[in-house]
Amino acid sequence: MAVCPECEAEIELKEAIKGEIVQCPDCGVELEVVSVNPVELAPAPEEEEDWGE
Amino acid sequence: MKVSIVGGSGYAGGESLRLLLGHPKVTLGQVTSESNAGKYVHSVHPNLRKRTDLKFVSALDLEPCEVLFVALPHGSSMKRMPEFLSVAERVIDLGADFRLRDPADYPKWYGAPHARPDLLGQAVYGIPELHREAIKSARIITGAGCNATTTILGLLPLFKHGLADPSRVVVEVKVGSSEAGAKASDSSHHPERSHAVRSFQPTMHRHTAEVMQELTFGGQTPKVYFSATAVELVRGILATCHVFLKDNLAEKDIWRVYRQEYGQEPFLRIVKDRTGIYRYPEPKILAGSNFCDVGFERDEGSDRLVVMAALDNLMKGAAGNGVQAMNVACGFEETLGLEFLGLHPI
């Protein structure tokens, strides 16, 4: 079980692989597996959306 | 279980009818309407054609039932509540007549004193997420104002946990046309209403009183500055609430309290996504469902927190919430008859 660093949701990862990108089911942020033992997640680099505002 | 409806020709009554017809534990008894007595209910609610051959009856012919839904205009049920209680074990009143606990609030917000203040103590404000235990033993369960429900459910975790400054709460609701009821008026005439973005109640909206009542914790009543705007929707409400945090909380702290309060609630969803189109609550995809979606965003440059909440005013804002309360009161699974997930796209 890993914890989302953005919203603290508990994220179940069966077989985490370092460098893998996963998505938080609660806040939707994309996270990178930066460590596997224990599993640690960090926000993955993201492209900003342009809403034309 | 036999359930009847008084005032079944309006939108809230019709939506109650639709839900109760699909409820596995309910046998629909009577549906009253004085102006439509003798007509098939599908002549007023065309979506129910071939689903029921019930006809409207006069309330004078009301027979005993276990649960009575009341969907009458404000001011009607307060006088008739003893009559309703004499035929039904429980009354679920979707109108406004028993929502406020303090009799002094009725002249201020509804322009006239309450006709039966002696009955107010028997009524429970019927949002299960707030008063689940009290609903189980109540004989009078009130509906809640649709705008009030949206606002209260949006802000409840913050005030329950004492996180927001109670001296300044600013709420703007954007609402659909069905909120104004089934009766036509000059302002609902299609050329006037269509495509409107109309401030119809910038101050003194009646639902403000419910919001303040239900967000009172520890004897502290928040000061709520509430405005309402009609927009191009038939169903739906979006409340945008501006509160000011007492402490310098991070978004993950806010997540924690909302998850604590709503994580186990079947109809409350925290919608706060980093990407995509539906990043925050939006009433468009909630039509026909009993969900209330809640989201928030911390203003990095100040102590402001913006909370967004959305629901279908006829569902979680009226009939759906009433059926949910009935399920709680009668010991049924809380989601029974309310499983519809909404449509996408719509």
# chains A, B, ... in the order shown; residues from 1 in each chain; ligands from 1

$ closest_atom_pairs --of "chain B" --to "chain A" --cutoff "10 Å" --atoms "only C-alpha atoms" --output "tab-separated table"
residue	atom	partner	partner_atom	distance
B:Ala250	CA	A:Cys7	CA	9.7
B:Glu251	CA	A:Cys7	CA	7.1
B:Lys252	CA	A:Cys7	CA	4.7
B:Asp253	CA	A:Cys7	CA	8.1
B:Ile254	CA	A:Cys7	CA	8.6
B:Trp255	CA	A:Cys7	CA	5.9
B:Arg256	CA	A:Glu8	CA	7.4
B:Arg259	CA	A:Ala9	CA	8.9
B:Arg269	CA	A:Asp26	CA	9.7
B:Ile270	CA	A:Asp26	CA	7.8
B:Val271	CA	A:Cys27	CA	7.6
B:Lys272	CA	A:Cys27	CA	5.5
B:Asp273	CA	A:Cys27	CA	4.5
B:Arg274	CA	A:Gly28	CA	5.4
B:Thr275	CA	A:Gly28	CA	6.7
B:Gly276	CA	A:Glu49	CA	8.9
B:Ile277	CA	A:Trp51	CA	9.9
B:Arg279	CA	A:Cys27	CA	8.9

$ write_last_selection --atoms "N, CA and C atoms" --output "PDB file, in the first residue's frame"
ATOM      1  N   ALA B 250      -2.979  22.824   4.327  1.00  0.00           N
ATOM      2  CA  ALA B 250      -2.648  22.411   2.964  1.00  0.00           C
ATOM      3  C   ALA B 250      -3.827  21.645   2.371  1.00  0.00           C
ATOM      4  N   GLU B 251      -3.807  21.477   1.071  1.00  0.00           N
ATOM      5  CA  GLU B 251      -4.918  20.758   0.432  1.00  0.00           C
ATOM      6  C   GLU B 251      -5.043  19.333   0.966  1.00  0.00           C
ATOM      7  N   LYS B 252      -3.932  18.703   1.296  1.00  0.00           N
ATOM      8  CA  LYS B 252      -4.046  17.330   1.801  1.00  0.00           C
ATOM      9  C   LYS B 252      -4.731  17.305   3.166  1.00  0.00           C
ATOM     10  N   ASP B 253      -4.628  18.394   3.933  1.00  0.00           N
ATOM     11  CA  ASP B 253      -5.370  18.473   5.198  1.00  0.00           C
ATOM     12  C   ASP B 253      -6.876  18.540   4.926  1.00  0.00           C
ATOM     13  N   ILE B 254      -7.229  19.287   3.902  1.00  0.00           N
ATOM     14  CA  ILE B 254      -8.647  19.400   3.544  1.00  0.00           C
ATOM     15  C   ILE B 254      -9.155  18.058   3.017  1.00  0.00           C
ATOM     16  N   TRP B 255      -8.360  17.419   2.187  1.00  0.00           N
ATOM     17  CA  TRP B 255      -8.698  16.069   1.719  1.00  0.00           C
ATOM     18  C   TRP B 255      -9.027  15.167   2.911  1.00  0.00           C
ATOM     19  N   ARG B 256      -8.206  15.248   3.941  1.00  0.00           N
ATOM     20  CA  ARG B 256      -8.344  14.345   5.087  1.00  0.00           C
ATOM     21  C   ARG B 256      -9.716  14.489   5.745  1.00  0.00           C
ATOM     22  N   ARG B 259     -12.527  13.309   3.351  1.00  0.00           N
ATOM     23  CA  ARG B 259     -12.513  11.852   3.254  1.00  0.00           C
ATOM     24  C   ARG B 259     -13.060  11.229   4.542  1.00  0.00           C
ATOM     25  N   ARG B 269     -19.510  12.184  -3.138  1.00  0.00           N
ATOM     26  CA  ARG B 269     -18.266  11.880  -3.850  1.00  0.00           C
ATOM     27  C   ARG B 269     -17.376  13.106  -3.833  1.00  0.00           C
ATOM     28  N   ILE B 270     -16.132  12.894  -3.527  1.00  0.00           N
ATOM     29  CA  ILE B 270     -15.177  13.999  -3.602  1.00  0.00           C
ATOM     30  C   ILE B 270     -14.653  14.031  -5.029  1.00  0.00           C
ATOM     31  N   VAL B 271     -14.897  15.130  -5.703  1.00  0.00           N
ATOM     32  CA  VAL B 271     -14.481  15.274  -7.106  1.00  0.00           C
ATOM     33  C   VAL B 271     -13.473  16.411  -7.180  1.00  0.00           C
ATOM     34  N   LYS B 272     -12.245  16.010  -7.320  1.00  0.00           N
ATOM     35  CA  LYS B 272     -11.154  16.991  -7.369  1.00  0.00           C
ATOM     36  C   LYS B 272     -10.032  16.327  -8.129  1.00  0.00           C
ATOM     37  N   ASP B 273     -10.097  16.463  -9.427  1.00  0.00           N
ATOM     38  CA  ASP B 273      -9.175  15.733 -10.292  1.00  0.00           C
ATOM     39  C   ASP B 273      -8.176  16.708 -10.879  1.00  0.00           C
ATOM     40  N   ARG B 274      -6.989  16.221 -11.091  1.00  0.00           N
ATOM     41  CA  ARG B 274      -5.941  17.088 -11.617  1.00  0.00           C
ATOM     42  C   ARG B 274      -6.057  17.305 -13.114  1.00  0.00           C
ATOM     43  N   THR B 275      -6.687  16.361 -13.786  1.00  0.00           N
ATOM     44  CA  THR B 275      -6.748  16.445 -15.246  1.00  0.00           C
ATOM     45  C   THR B 275      -8.156  16.118 -15.728  1.00  0.00           C
ATOM     46  N   GLY B 276      -8.374  16.310 -17.004  1.00  0.00           N
ATOM     47  CA  GLY B 276      -9.651  15.927 -17.591  1.00  0.00           C
ATOM     48  C   GLY B 276     -10.651  17.063 -17.623  1.00  0.00           C
ATOM     49  N   ILE B 277     -11.837  16.757 -18.105  1.00  0.00           N
ATOM     50  CA  ILE B 277     -12.878  17.778 -18.268  1.00  0.00           C
ATOM     51  C   ILE B 277     -13.648  17.965 -16.973  1.00  0.00           C
ATOM     52  N   ARG B 279     -13.129  17.983 -13.746  1.00  0.00           N
ATOM     53  CA  ARG B 279     -12.161  18.042 -12.644  1.00  0.00           C
ATOM     54  C   ARG B 279     -12.824  18.405 -11.330  1.00  0.00           C
TER      55      ARG B 279
END

$ select_by_dssp --residues "chain A" --states "strand (DSSP E)" --output "ChimeraX atom specification"
/A:2-3,10-11,21-23,30-36,39-43

$ write_last_selection --atoms "C-alpha atoms" --output "compact mmCIF listing (two decimals), in the first residue's frame"
# COMPACT_ATOMS: atom_id res chain seq x y z
CA ALA A 2 1.35 3.39 -1.01
CA VAL A 3 0.11 6.85 -0.14
CA GLU A 10 -4.17 4.90 -0.11
CA ILE A 11 -3.13 3.31 -3.39
CA ILE A 21 3.69 5.80 -13.65
CA VAL A 22 0.46 5.21 -11.75
CA GLN A 23 -2.61 7.38 -11.28
CA GLU A 30 0.00 10.89 -12.10
CA LEU A 31 2.65 9.51 -9.81
CA GLU A 32 6.01 7.93 -10.38
CA VAL A 33 7.17 4.98 -8.34
CA VAL A 34 10.45 6.30 -6.99
CA SER A 35 11.12 3.46 -4.55
CA VAL A 36 9.79 -0.10 -4.28
CA VAL A 39 6.87 1.78 -2.14
CA GLU A 40 7.16 5.54 -2.43
CA LEU A 41 5.42 7.73 -4.95
CA ALA A 42 6.25 11.21 -6.19
CA PRO A 43 4.34 13.47 -8.57

$ residues_around --residues "Asn37 (chain A)" --least-positions-apart "6" --cutoff "12 Å" --atoms "only C-alpha atoms" --output "list in words"
Met1, Ala2, Leu13, Glu15, Ala16, Ile17 and Lys18 of chain A

$ write_last_selection --atoms "C-alpha atoms" --output "PDB file, in the first residue's frame"
ATOM      1  CA  MET A   1       0.000   0.000   0.000  1.00  0.00           C
ATOM      2  CA  ALA A   2       1.347   3.392  -1.013  1.00  0.00           C
ATOM      3  CA  LEU A  13       0.009  -1.519  -5.999  1.00  0.00           C
ATOM      4  CA  GLU A  15       3.794  -5.276  -8.171  1.00  0.00           C
ATOM      5  CA  ALA A  16       5.374  -1.876  -8.171  1.00  0.00           C
ATOM      6  CA  ILE A  17       8.189  -1.267 -10.599  1.00  0.00           C
ATOM      7  CA  LYS A  18      10.576   1.604 -10.104  1.00  0.00           C
TER       8      LYS A  18
END

$ residues_around --residues "region 51-61 of chain B" --least-positions-apart "4" --cutoff "9 Å" --atoms "only C-alpha atoms" --output "list in words"
Val6, Gly7, Gly8, Ser9, Leu21, Leu28, Gly29, Gln30, Val31, Thr32, Ser33, Glu34, Ser35, Asn36, Ala37, Gly38, Lys39, Tyr40, Val41, His42 and Asn47 of chain B

$ closest_residue --among "B:Leu305, B:Ala104, B:Leu19, B:Leu156" --to "Tyr258 (chain B)" --atoms "only C-alpha atoms"
B:Leu156

$ closest_residue --among "B:Glu15, B:Asp165, B:Asp186, B:Glu129" --to "Leu94 (chain B)" --atoms "only C-alpha atoms"
B:Glu15

$ atom_distance --atom1 "CA of Pro73 (chain B)" --atom2 "CA of Gly181 (chain B)"
9.3 Å

$ select_by_dssp --residues "region 239-285 of chain B" --states "helix (DSSP H, G or I)" --output "count of residues only"
15

$ decode --residues "chain A" --atoms "C-alpha atoms" --output "short mmCIF file (atom, residue, chain, number, x, y, z; two decimals), in the first residue's frame"
data_model
loop_
_atom_site.label_atom_id
_atom_site.label_comp_id
_atom_site.auth_asym_id
_atom_site.auth_seq_id
_atom_site.Cartn_x
_atom_site.Cartn_y
_atom_site.Cartn_z
CA MET A 1 0.00 0.00 0.00
CA ALA A 2 1.35 3.39 -1.01
CA VAL A 3 0.11 6.85 -0.14
CA CYS A 4 -0.56 9.62 -2.63
CA PRO A 5 1.69 12.56 -1.74
CA GLU A 6 -0.94 15.00 -3.03
CA CYS A 7 -4.17 13.89 -1.32
CA GLU A 8 -3.08 11.06 1.01
CA ALA A 9 -5.27 8.46 -0.70
CA GLU A 10 -4.17 4.90 -0.11
CA ILE A 11 -3.13 3.31 -3.39
CA GLU A 12 -2.85 -0.42 -3.76
CA LEU A 13 0.01 -1.52 -6.00
CA LYS A 14 0.38 -5.26 -6.53
CA GLU A 15 3.79 -5.28 -8.17
CA ALA A 16 5.37 -1.88 -8.17
CA ILE A 17 8.19 -1.27 -10.60
CA LYS A 18 10.58 1.60 -10.10
CA GLY A 19 9.91 4.30 -12.67
CA GLU A 20 6.35 3.10 -13.30
CA ILE A 21 3.69 5.80 -13.65
CA VAL A 22 0.46 5.21 -11.75
CA GLN A 23 -2.61 7.38 -11.28
CA CYS A 24 -4.15 8.26 -7.93
CA PRO A 25 -7.77 7.02 -7.95
CA ASP A 26 -8.93 9.96 -5.82
CA CYS A 27 -7.23 13.11 -7.12
CA GLY A 28 -6.17 11.79 -10.51
CA VAL A 29 -2.57 12.95 -10.24
CA GLU A 30 0.00 10.89 -12.10
CA LEU A 31 2.65 9.51 -9.81
CA GLU A 32 6.01 7.93 -10.38
CA VAL A 33 7.17 4.98 -8.34
CA VAL A 34 10.45 6.30 -6.99
CA SER A 35 11.12 3.46 -4.55
CA VAL A 36 9.79 -0.10 -4.28
CA ASN A 37 10.80 -1.24 -0.83
CA PRO A 38 8.97 0.45 0.70
CA VAL A 39 6.87 1.78 -2.14
CA GLU A 40 7.16 5.54 -2.43
CA LEU A 41 5.42 7.73 -4.95
CA ALA A 42 6.25 11.21 -6.19
CA PRO A 43 4.34 13.47 -8.57
CA ALA A 44 5.27 12.66 -12.16
CA PRO A 45 6.15 15.54 -14.48
CA GLU A 46 2.99 16.74 -16.19
CA GLU A 47 1.99 18.89 -19.09
CA GLU A 48 -0.21 21.82 -18.12
CA GLU A 49 -3.56 22.01 -19.83
CA ASP A 50 -4.49 25.20 -21.62
CA TRP A 51 -8.10 26.02 -20.94
CA GLY A 52 -8.01 29.10 -23.15
CA GLU A 53 -9.00 31.42 -20.37
#
